[in-house]
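**Student:** Input file: run-v9.cif. Contents: mmCIF, C-alpha atoms.
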data_final
loop_
_atom_site.group_PDB
_atom_site.id
_atom_site.type_symbol
_atom_site.label_atom_id
_atom_site.label_comp_id
_atom_site.auth_asym_id
_atom_site.auth_seq_id
_atom_site.Cartn_x
_atom_site.Cartn_y
_atom_site.Cartn_z
ATOM 1 C CA MET D 3 2.185 33.085 94.102
ATOM 2 C CA SER D 4 2.864 30.791 96.998
ATOM 3 C CA ARG D 5 0.676 30.769 100.087
ATOM 4 C CA LYS D 6 1.970 30.051 103.555
ATOM 5 C CA ARG D 7 0.169 27.959 106.098
ATOM 6 C CA ASP D 8 1.086 27.650 109.756
ATOM 7 C CA HIS D 9 1.446 23.999 110.707
ATOM 8 C CA HIS D 10 2.081 22.308 113.987
ATOM 9 C CA GLU D 11 5.509 20.820 114.511
ATOM 10 C CA PRO D 12 5.915 17.371 112.947
ATOM 11 C CA ALA D 13 5.867 14.484 115.378
ATOM 12 C CA ALA D 14 9.204 13.332 116.750
ATOM 13 C CA PRO D 15 9.895 9.771 115.635
ATOM 14 C CA THR D 16 11.744 7.293 117.772
ATOM 15 C CA GLY D 17 15.256 6.700 116.441
ATOM 16 C CA PRO D 18 18.960 7.176 117.029
ATOM 17 C CA ALA D 19 19.092 10.756 115.690
ATOM 18 C CA PRO D 20 19.579 13.289 118.522
ATOM 19 C CA PHE D 21 16.891 15.632 117.123
ATOM 20 C CA SER D 22 14.652 14.333 114.349
ATOM 21 C CA ARG D 23 11.585 15.828 112.687
ATOM 22 C CA MET D 24 10.574 14.073 109.481
ATOM 23 C CA PHE D 25 8.733 16.026 106.784
ATOM 24 C CA SER D 26 7.278 14.593 103.582
ATOM 25 C CA VAL D 27 7.282 16.518 100.318
ATOM 26 C CA GLU D 28 3.834 15.073 99.685
ATOM 27 C CA ASP D 29 2.532 17.302 102.489
ATOM 28 C CA LEU D 30 2.943 20.243 100.112
ATOM 29 C CA GLN D 31 1.113 20.824 96.893
ATOM 30 C CA ARG D 32 2.795 22.620 94.015
ATOM 31 C CA ASP D 33 3.443 26.333 94.618
ATOM 32 C CA ARG D 34 2.521 25.965 98.258
ATOM 33 C CA SER D 35 4.676 26.716 101.283
ATOM 34 C CA VAL D 36 4.452 26.020 104.965
ATOM 35 C CA THR D 37 6.009 27.625 108.042
ATOM 36 C CA LEU D 38 7.131 25.283 110.809
ATOM 37 C CA THR D 39 8.516 25.930 114.283
ATOM 38 C CA LEU D 40 10.642 23.131 115.717
ATOM 39 C CA THR D 41 11.564 22.809 119.395
ATOM 40 C CA ALA D 42 13.840 20.213 120.958
ATOM 41 C CA ASN D 43 12.828 18.752 124.303
ATOM 42 C CA ALA D 44 15.208 18.288 127.247
ATOM 43 C CA ASP D 45 16.270 14.777 126.253
ATOM 44 C CA GLU D 46 16.903 15.859 122.675
ATOM 45 C CA CYS D 47 18.963 18.844 123.872
ATOM 46 C CA ARG D 48 21.157 16.514 125.917
ATOM 47 C CA ALA D 49 21.552 14.191 122.922
ATOM 48 C CA VAL D 50 22.479 17.086 120.630
ATOM 49 C CA ALA D 51 25.100 18.315 123.128
ATOM 50 C CA HIS D 52 26.602 14.818 123.232
ATOM 51 C CA THR D 53 26.604 14.574 119.428
ATOM 52 C CA LEU D 54 28.290 17.966 119.004
ATOM 53 C CA GLY D 55 30.783 17.352 121.807
ATOM 54 C CA ILE D 56 29.863 20.423 123.857
ATOM 55 C CA GLU D 57 29.025 20.857 127.525
ATOM 56 C CA ALA D 58 25.269 21.462 127.198
ATOM 57 C CA VAL D 59 22.418 22.586 124.983
ATOM 58 C CA TYR D 60 19.864 24.449 127.094
ATOM 59 C CA SER D 61 17.428 25.187 124.261
ATOM 60 C CA LEU D 62 17.160 24.530 120.541
ATOM 61 C CA THR D 63 14.485 25.982 118.273
ATOM 62 C CA ALA D 64 14.105 26.682 114.589
ATOM 63 C CA LYS D 65 11.640 28.516 112.385
ATOM 64 C CA LEU D 66 11.594 27.211 108.826
ATOM 65 C CA ASP D 67 9.795 28.172 105.635
ATOM 66 C CA ILE D 68 9.425 25.129 103.375
ATOM 67 C CA THR D 69 8.479 25.662 99.755
ATOM 68 C CA ARG D 70 7.809 23.119 97.041
ATOM 69 C CA GLN D 71 9.342 24.380 93.816
ATOM 70 C CA ALA D 72 8.535 23.033 90.366
ATOM 71 C CA ARG D 73 7.396 19.409 90.563
ATOM 72 C CA SER D 74 9.493 17.836 93.288
ATOM 73 C CA LEU D 75 12.112 20.322 94.496
ATOM 74 C CA LEU D 76 11.941 21.394 98.126
ATOM 75 C CA LYS D 77 13.568 24.547 99.503
ATOM 76 C CA VAL D 78 14.072 25.119 103.240
ATOM 77 C CA VAL D 79 15.029 28.554 104.584
ATOM 78 C CA GLY D 80 14.938 29.995 108.083
ATOM 79 C CA GLU D 81 17.189 29.988 111.126
ATOM 80 C CA VAL D 82 18.146 27.831 114.076
ATOM 81 C CA ARG D 83 18.592 29.322 117.560
ATOM 82 C CA ALA D 84 20.295 27.611 120.458
ATOM 83 C CA SER D 85 21.465 28.441 123.956
ATOM 84 C CA ILE D 86 24.541 26.339 124.631
ATOM 85 C CA GLU D 87 27.460 25.847 127.001
ATOM 86 C CA GLN D 88 31.011 25.268 125.808
ATOM 87 C CA ALA D 89 34.378 24.890 127.507
ATOM 88 C CA CYS D 90 36.854 27.734 127.042
ATOM 89 C CA VAL D 91 39.964 26.509 125.199
ATOM 90 C CA VAL D 92 42.157 28.797 127.327
ATOM 91 C CA THR D 93 40.833 28.354 130.877
ATOM 92 C CA LEU D 94 38.770 25.161 130.334
ATOM 93 C CA GLU D 95 35.955 26.896 132.224
ATOM 94 C CA PRO D 96 32.418 26.316 130.877
ATOM 95 C CA PHE D 97 30.536 29.365 129.667
ATOM 96 C CA ALA D 98 27.110 29.948 128.133
ATOM 97 C CA THR D 99 26.473 31.565 124.780
ATOM 98 C CA ASP D 100 23.646 32.005 122.269
ATOM 99 C CA VAL D 101 23.925 30.857 118.664
ATOM 100 C CA ILE D 102 21.818 32.036 115.726
ATOM 101 C CA GLU D 103 22.501 30.469 112.343
ATOM 102 C CA PRO D 104 20.614 31.048 109.069
ATOM 103 C CA ILE D 105 19.446 27.994 107.157
ATOM 104 C CA SER D 106 19.135 27.709 103.384
ATOM 105 C CA ILE D 107 19.138 24.330 101.700
ATOM 106 C CA ARG D 108 17.397 22.560 98.804
ATOM 107 C CA PHE D 109 16.275 18.974 98.400
ATOM 108 C CA ALA D 110 15.357 16.911 95.361
ATOM 109 C CA PRO D 111 14.597 13.260 94.596
ATOM 110 C CA GLU D 112 17.719 11.129 94.713
ATOM 111 C CA ASP D 113 17.926 10.743 90.927
ATOM 112 C CA VAL D 114 17.792 14.540 90.461
ATOM 113 C CA SER D 115 20.259 15.432 93.234
ATOM 114 C CA SER D 116 22.771 12.884 91.917
ATOM 115 C CA ARG D 117 22.337 14.294 88.400
ATOM 116 C CA GLU D 118 21.464 10.914 86.931
ATOM 117 C CA PRO D 119 19.577 11.079 83.614
ATOM 118 C CA ARG D 120 15.815 10.985 83.893
ATOM 119 C CA LYS D 121 12.840 12.768 82.405
ATOM 120 C CA VAL D 122 12.230 16.114 84.143
ATOM 121 C CA ASP D 123 10.065 19.024 83.195
ATOM 122 C CA VAL D 124 11.671 22.317 82.119
ATOM 123 C CA ALA D 125 10.771 24.194 85.318
ATOM 124 C CA GLU D 126 12.397 21.534 87.495
ATOM 125 C CA ALA D 127 15.575 21.522 85.407
ATOM 126 C CA VAL D 128 15.829 25.320 85.652
ATOM 127 C CA GLN D 129 15.433 25.226 89.440
ATOM 128 C CA VAL D 130 18.306 22.730 89.740
ATOM 129 C CA THR D 131 20.702 24.604 87.455
ATOM 130 C CA MET D 132 20.011 28.101 88.871
ATOM 131 C CA GLU D 133 21.693 27.219 92.169
ATOM 132 C CA ASP D 134 25.462 26.807 92.537
ATOM 133 C CA ASP D 135 25.305 23.788 94.845
ATOM 134 C CA PRO D 136 23.388 20.653 93.873
ATOM 135 C CA PRO D 137 20.385 19.850 96.072
ATOM 136 C CA ASP D 138 20.586 17.288 98.841
ATOM 137 C CA PRO D 139 18.657 14.068 98.216
ATOM 138 C CA LEU D 140 15.162 13.414 99.466
ATOM 139 C CA ILE D 141 15.074 9.948 101.000
ATOM 140 C CA SER D 142 11.813 8.254 100.063
ATOM 141 C CA GLY D 143 10.318 11.707 99.484
ATOM 142 C CA ARG D 144 11.112 12.865 103.020
ATOM 143 C CA VAL D 145 13.621 15.135 104.768
ATOM 144 C CA ASP D 146 14.680 15.190 108.410
ATOM 145 C CA LEU D 147 14.297 18.856 109.361
ATOM 146 C CA GLY D 148 15.646 18.218 112.851
ATOM 147 C CA GLY D 149 18.801 16.761 111.356
ATOM 148 C CA VAL D 150 19.122 19.851 109.143
ATOM 149 C CA CYS D 151 18.957 22.070 112.229
ATOM 150 C CA VAL D 152 21.673 20.090 114.025
ATOM 151 C CA GLU D 153 23.852 20.192 110.914
ATOM 152 C CA PHE D 154 23.645 23.984 110.632
ATOM 153 C CA LEU D 155 24.130 24.402 114.380
ATOM 154 C CA ALA D 156 27.333 22.363 114.133
ATOM 155 C CA LEU D 157 28.571 24.653 111.356
ATOM 156 C CA ALA D 158 27.920 27.696 113.555
ATOM 157 C CA LEU D 159 29.968 26.475 116.529
ATOM 158 C CA ASP D 160 33.310 28.143 117.199
ATOM 159 C CA PRO D 161 35.968 25.396 117.039
ATOM 160 C CA TYR D 162 38.088 27.375 119.532
ATOM 161 C CA PRO D 163 35.554 28.858 121.957
ATOM 162 C CA ARG D 164 36.857 31.458 124.398
ATOM 163 C CA LYS D 165 35.102 32.806 127.437
ATOM 164 C CA PRO D 166 34.355 36.534 126.989
ATOM 165 C CA GLY D 167 37.317 38.618 128.176
ATOM 166 C CA VAL D 168 39.799 35.748 127.946
ATOM 167 C CA ALA D 169 42.685 36.044 125.491
ATOM 168 C CA PHE D 170 45.148 33.473 124.278
ATOM 169 C CA GLU D 171 48.394 33.545 126.274
ATOM 170 C CA THR D 172 51.594 33.966 124.305
ATOM 171 C CA GLU D 173 55.091 33.082 125.440
ATOM 172 C CA THR D 174 57.885 35.632 125.152
ATOM 173 C CA VAL D 175 61.130 34.194 123.850
ATOM 174 C CA VAL D 176 64.290 36.010 124.992
ATOM 175 C CA ILE D 177 67.253 35.738 122.650
ATOM 176 C CA GLU D 178 70.620 36.195 124.345
ATOM 177 C CA ASP D 179 73.030 38.519 122.534
ATOM 178 C CA GLU D 180 76.129 36.987 124.108
ATOM 179 C CA LYS D 181 77.669 34.228 122.056
ATOM 180 C CA GLU D 182 78.512 30.892 123.605
ATOM 181 C CA PRO D 183 82.281 30.324 123.911
ATOM 182 C CA SER D 184 83.658 28.235 121.065
ATOM 183 C CA PRO D 185 84.872 24.731 121.979
ATOM 184 C CA PHE D 186 87.965 25.462 119.881
ATOM 185 C CA ALA D 187 88.811 28.353 122.198
ATOM 186 C CA ALA D 188 88.876 25.915 125.116
ATOM 187 C CA LEU D 189 91.281 23.667 123.201
ATOM 188 C CA ALA D 190 93.508 26.593 122.340
ATOM 189 C CA SER D 191 93.914 27.413 126.016
ATOM 190 C CA LEU D 192 95.399 23.954 126.574
ATOM 191 C CA LYS D 193 98.136 24.401 123.965
ATOM 192 C CA PRO D 194 101.581 25.651 125.095
ATOM 193 C CA GLY D 195 101.647 29.385 124.716
ATOM 194 C CA GLY D 196 97.908 29.504 124.287
ATOM 195 C CA PRO D 197 95.708 32.023 126.070
ATOM 196 C CA LYS D 198 95.561 31.547 129.817
ATOM 197 C CA ALA D 199 92.665 32.255 132.091
#
What does the file become when written as structure tokens?
**Tutor:**
Amino acid sequence: MSRKRDHHEPAAPTGPAPFSRMFSVEDLQRDRSVTLTLTANADECRAVAHTLGIEAVYSLTAKLDITRQARSLLKVVGEVRASIEQACVVTLEPFATDVIEPISIRFAPEDVSSREPRKVDVAEAVQVTMEDDPPDPLISGRVDLGGVCVEFLALALDPYPRKPGVAFETETVVIEDEKEPSPFAALASLKPGGPKA
């Protein structure tokens, strides 16, 4: 039975990622889990907004349960919450909205996630094959939890955001019932004995 421990948020490393929190699988012993709360600072929120191409990110937090499964598999579940501002695709006016997106993702050493042959114990092999999607790779035994949060936040964004109460405008096409006069009728009127106006 796994036991949960409350940890402080991992330190934010300096780097190009808009919101980065590195976590090492070695911080967990087998059948242990940890609960982490991540919070982006003001500079990180601005960087995330720029990365996602939206007007603003006012706040970004996540609560994650991280569990080490079998020998080296890591499972991350939880949710990311953000208060953001987007531009309405109809009026182009900015408007604020809250986003809540569940997170569920697994990680494994690069040789396991790429399904390359190597010696693995039975429990680890079962954990990999029980899930439909293959696990993402652990890079040098670490995972960027901040990057995971930004990734899931991006998936939650509406690609066509509309301000509440605003609907898409549709054009009404009027089809005339009257037929256009035939050019041959105009020629016929020029012939001797043809119809006259």
**Student:** So that each row is one residue of segment 58-97 of chain D with an atom at most 12 Å from segment 132-153 of chain D, can you give its shortest atom pair and the distance in Å to one decimal, using all atoms listed in the file, rows by chain and rising number, as JSON lines?
**Tutor:**
{"residue": "D:Val59", "atom": "CA", "partner": "D:Val152", "partner_atom": "CA", "distance": 11.3}
{"residue": "D:Leu62", "atom": "CA", "partner": "D:Cys151", "partner_atom": "CA", "distance": 8.9}
{"residue": "D:Thr63", "atom": "CA", "partner": "D:Cys151", "partner_atom": "CA", "distance": 8.5}
{"residue": "D:Ala64", "atom": "CA", "partner": "D:Cys151", "partner_atom": "CA", "distance": 7.1}
{"residue": "D:Lys65", "atom": "CA", "partner": "D:Cys151", "partner_atom": "CA", "distance": 9.8}
{"residue": "D:Leu66", "atom": "CA", "partner": "D:Leu147", "partner_atom": "CA", "distance": 8.8}
{"residue": "D:Asp67", "atom": "CA", "partner": "D:Leu147", "partner_atom": "CA", "distance": 11.0}
{"residue": "D:Ile68", "atom": "CA", "partner": "D:Leu147", "partner_atom": "CA", "distance": 9.9}
{"residue": "D:Arg70", "atom": "CA", "partner": "D:Gly143", "partner_atom": "CA", "distance": 11.9}
{"residue": "D:Ser74", "atom": "CA", "partner": "D:Gly143", "partner_atom": "CA", "distance": 8.8}
{"residue": "D:Leu75", "atom": "CA", "partner": "D:Pro137", "partner_atom": "CA", "distance": 8.4}
{"residue": "D:Leu76", "atom": "CA", "partner": "D:Leu140", "partner_atom": "CA", "distance": 8.7}
{"residue": "D:Lys77", "atom": "CA", "partner": "D:Pro137", "partner_atom": "CA", "distance": 9.0}
{"residue": "D:Val78", "atom": "CA", "partner": "D:Leu147", "partner_atom": "CA", "distance": 8.8}
{"residue": "D:Val79", "atom": "CA", "partner": "D:Val150", "partner_atom": "CA", "distance": 10.6}
{"residue": "D:Gly80", "atom": "CA", "partner": "D:Cys151", "partner_atom": "CA", "distance": 9.8}
{"residue": "D:Glu81", "atom": "CA", "partner": "D:Cys151", "partner_atom": "CA", "distance": 8.2}
{"residue": "D:Val82", "atom": "CA", "partner": "D:Cys151", "partner_atom": "CA", "distance": 6.1}
{"residue": "D:Arg83", "atom": "CA", "partner": "D:Cys151", "partner_atom": "CA", "distance": 9.0}
{"residue": "D:Ala84", "atom": "CA", "partner": "D:Val152", "partner_atom": "CA", "distance": 10.0}
**Student:** Please save C-alpha atoms of the selected residues as a PDB file, in the coordinates of the input.
**Tutor:**
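The resulting file, result-v8.pdb, is reproduced below:
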ATOM      1  CA  VAL D  59      22.418  22.586 124.983  1.00  0.00           C
ATOM      2  CA  LEU D  62      17.160  24.530 120.541  1.00  0.00           C
ATOM      3  CA  THR D  63      14.485  25.982 118.273  1.00  0.00           C
ATOM      4  CA  ALA D  64      14.105  26.682 114.589  1.00  0.00           C
ATOM      5  CA  LYS D  65      11.640  28.516 112.385  1.00  0.00           C
ATOM      6  CA  LEU D  66      11.594  27.211 108.826  1.00  0.00           C
ATOM      7  CA  ASP D  67       9.795  28.172 105.635  1.00  0.00           C
ATOM      8  CA  ILE D  68       9.425  25.129 103.375  1.00  0.00           C
ATOM      9  CA  ARG D  70       7.809  23.119  97.041  1.00  0.00           C
ATOM     10  CA  SER D  74       9.493  17.836  93.288  1.00  0.00           C
ATOM     11  CA  LEU D  75      12.112  20.322  94.496  1.00  0.00           C
ATOM     12  CA  LEU D  76      11.941  21.394  98.126  1.00  0.00           C
ATOM     13  CA  LYS D  77      13.568  24.547  99.503  1.00  0.00           C
ATOM     14  CA  VAL D  78      14.072  25.119 103.240  1.00  0.00           C
ATOM     15  CA  VAL D  79      15.029  28.554 104.584  1.00  0.00           C
ATOM     16  CA  GLY D  80      14.938  29.995 108.083  1.00  0.00           C
ATOM     17  CA  GLU D  81      17.189  29.988 111.126  1.00  0.00           C
ATOM     18  CA  VAL D  82      18.146  27.831 114.076  1.00  0.00           C
ATOM     19  CA  ARG D  83      18.592  29.322 117.560  1.00  0.00           C
ATOM     20  CA  ALA D  84      20.295  27.611 120.458  1.00  0.00           C
TER      21      ALA D  84
END
**Student:** Please, what distance in Å, to one decimal, runs between atom CA of Lys165 of chain D and atom CA of Gly55 of chain D?
**Tutor:**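 Separation between atom CA of Lys165 of chain D and atom CA of Gly55 of chain D: 17.0 Å.
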**Student:** Fewer than 5 positions away in the same chain doesn't count, so skip those; otherwise give me all residues within 7 Å of Pro163 of chain D, counting all atoms listed in the file, as a PyMOL selection string.
**Tutor:** chain D and resi 88-91
**Student:** Can you work out the spacing between atom CA of Ile102 of chain D and atom CA of Glu46 of chain D in Å, to one decimal?
**Tutor:**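 Computed distance, atom CA of Ile102 of chain D to atom CA of Glu46 of chain D, equals 18.3 Å.
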**Student:** Expand the PyMOL selection byres ((chain D and resi 61) around 12) into the individual residues it matches in the shown file, reporting them as number ranges by chain.
**Tutor:** D: 21, 40-51, 58-60, 62-64, 82-87, 98-102, 155
**Student:** To one decimal in Å, tell me the separation between atom CA of Pro104 of chain D and atom CA of Leu54 of chain D.
**Tutor:**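 Between atom CA of Pro104 of chain D and atom CA of Leu54 of chain D the gap is 18.1 Å.
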**Student:** From the options D:Glu95, D:Ala72, D:Arg108, D:Val168, which residue's atoms come nearest to Leu30 of chain D, counting only C-alpha atoms?
**Tutor:**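 Closest candidate: D:Ala72.
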**Student:** Taking all atoms listed in the file into account, name the residue in D:Leu159, D:Val36, D:Ala169, D:Ile107 that is nearest to Thr69 of chain D.
**Tutor:**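 When distances to Thr69 of chain D are compared using all atoms listed in the file, the smallest one comes from D:Val36.
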